[in-house]
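Worksheet: the structure to be examined is printed underneath.
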Amino acid sequence: MYMSPSAIEPEVVFSGRRSATYRDALHLFPDVWRDDIDLMRRFLHPLTGKRVLEIGAGNGHFSRAIAEDLGPTGLLVATDPSTEQLDDLEAEAGGRIKVFGQAAHTLDLPIRNFDAAWSRGAVHHISDKTAAWKAVAAHMQPGGRFVIADIFAGTRVAAYFDDFIARSCCTGHEVAFLSREFATSLCALTGWEEPRFTDVTTRWRFRTKADLGHFLWLLFSATEAFSDDDCLIAAERHLDVVADGKGIALLWPMTVMETTRLPIRN
Ligand SMILES: C[S@@+](CC[C@H](N)C(=O)[O-])C[C@H]1O[C@@H](n2cnc3c(N)ncnc32)[C@H](O)[C@@H]1O
């Protein structure tokens with residue numbers, strides 16, 4: 001693993017308990033994001049032999065699936081300012097994943113000319129999005145694609161985060177959700193084509209509502225002042241929880257932004 005040469009401390013929110021419970025949530029409920037993995041494949045198209053850059057890889061839940069699709073001739077570079085989140089990923093993947101402990105807005109990798117960049121659930125944590133868009137552009141080849149799946153401003157999930165996660169999460173949740181307008185301006189300013197946006201909803205599946213409550217408690221690292229039940233009730237207040245014959249599903253709406261790196265003008 002390669003560390004950022006510059007200071008990244010303010011970005012390392014996902015450390016200690018926050019990072020450990022996120023990891024526990026996905027270890028306890030490994031199949032919960034099957035739909036989200038399908039969504040990544042549908043929009044990113046990680047084909048054999050391609051080179052993909054991942055921004056805010058977290059503990060590598062998507063990295064493993066991307067690297068599998070890229071195969072032995074491809075390369076995934078997983079980046080995240082929280083090196084703790086990236087522990088084990090590089091060693092586990094036997095060389096198919098390279099890991100860099102860097103934040104998106106100060107990204108400076110010895111590898112360039114990526115075919116695509118992917119980020120899920122991380123952009124709202126990036127404080128300087130203009131610098132991040134520029135830095136990702138600098139690492140892409142012309143025609144390279146940038147695909148983001150995230151929570152956008154003004155959506156029900158944004159309200160859920162601002163109302164409940166901001167007060168229940170052990171680190172708080174001080175973030176800046178993207179708007180379509182700002183994302184479009186960012187692309188125009190930093191060398192990307194006009195982006196396309198798609199609203200998507202994935203189903204996070206559980207056996208019981210109690211499992212869902214516990215997953216949310218872990219994933220969003222609630223303090224001891226909040227119970228699994230509190231987490232379930234807040235999710236039900238803001239989002240849809242349905243029984244669909246296969247158990248319980250939390251419907252999780254996100255927005256996907258897709259854009260393409262413009263040719264570099266001299
Ligand atoms: C909610 S997690 C998402 C992790 C992973 N993509 C997933 O979907 O499971 C958000 C991640 O964004 C990372 N992050 C925070 N600030 C960042 C920044 N400035 N640049 C890149 N990633 C950042 C955090 O360290 C964390 O791992």
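The chains in the structure tokens are called A, B, ... from first to last as shown; in each chain the residues are counted from 1, and the ligands are counted from 1 in the order shown.
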Nearby residues, ligand 1, 9 Å, only C-alpha atoms and all ligand atoms, as number ranges by chain: A: 8, 10-15, 19, 22-23, 26, 36, 54-63, 79-86, 102-107, 118-129, 132, 149-150, 219-220
Contact check, segment 205-228 of chain A to segment 167-171 of chain A, at most 6 Å, counting only C-alpha atoms, closest pairs as JSON lines:
{"residue": "A:Phe220", "atom": "CA", "partner": "A:Cys169", "partner_atom": "CA", "distance": 5.7}
{"residue": "A:Ser221", "atom": "CA", "partner": "A:Cys169", "partner_atom": "CA", "distance": 5.2}
{"residue": "A:Ala222", "atom": "CA", "partner": "A:Cys169", "partner_atom": "CA", "distance": 4.4}
{"residue": "A:Thr223", "atom": "CA", "partner": "A:Cys170", "partner_atom": "CA", "distance": 5.2}
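Each of A:Ala210, A:Val77, A:Asp35, A:Arg112 was compared to Asp230 of chain A using only C-alpha atoms, and A:Ala210 turns out to be the nearest.
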Identify which of the residues A:Leu232, A:Asn113, A:Val147, A:Val99 lies closest to His45 of chain A, counting only C-alpha atoms when measuring atom-to-atom distances.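 Ranked by minimum distance to His45 of chain A, first place goes to A:Val147.
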Secondary structure check, helix (DSSP H, G or I) residues of segment 140-240 of chain A, as an MDAnalysis selection string: chainID A and resid 156:168 180:189 209:219 228:238
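Nearest residue to Glu181 of chain A among A:Cys231, A:Met257, A:Leu239, A:Ile37 is A:Met257, counting only C-alpha atoms.
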Just to confirm, what's the straight-line distance from atom CA of Gly245 of chain A to atom CA of Thr208 of chain A in Å (one decimal)?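 Atom CA of Thr208 of chain A lies at a distance of 11.6 Å from atom CA of Gly245 of chain A.
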Could you tell me which of A:Gly16, A:Ile97, A:Leu76, A:Glu68 comes closest to Phe114 of chain A if we count only C-alpha atoms? A:Leu76
Counting only C-alpha atoms, the residue among A:Ala138, A:Ala91, A:Leu212, A:Ile151 that lies closest to Ala243 of chain A is A:Leu212
Coordinates-based distance that separates atom CA of Trp33 of chain A from atom CA of Glu236 of chain A (Å, one decimal): 18.5 Å
Between A:His139, A:His173, A:Arg156, A:Arg196, single out the one closest to Leu109 of chain A, counting only C-alpha atoms. A:His139
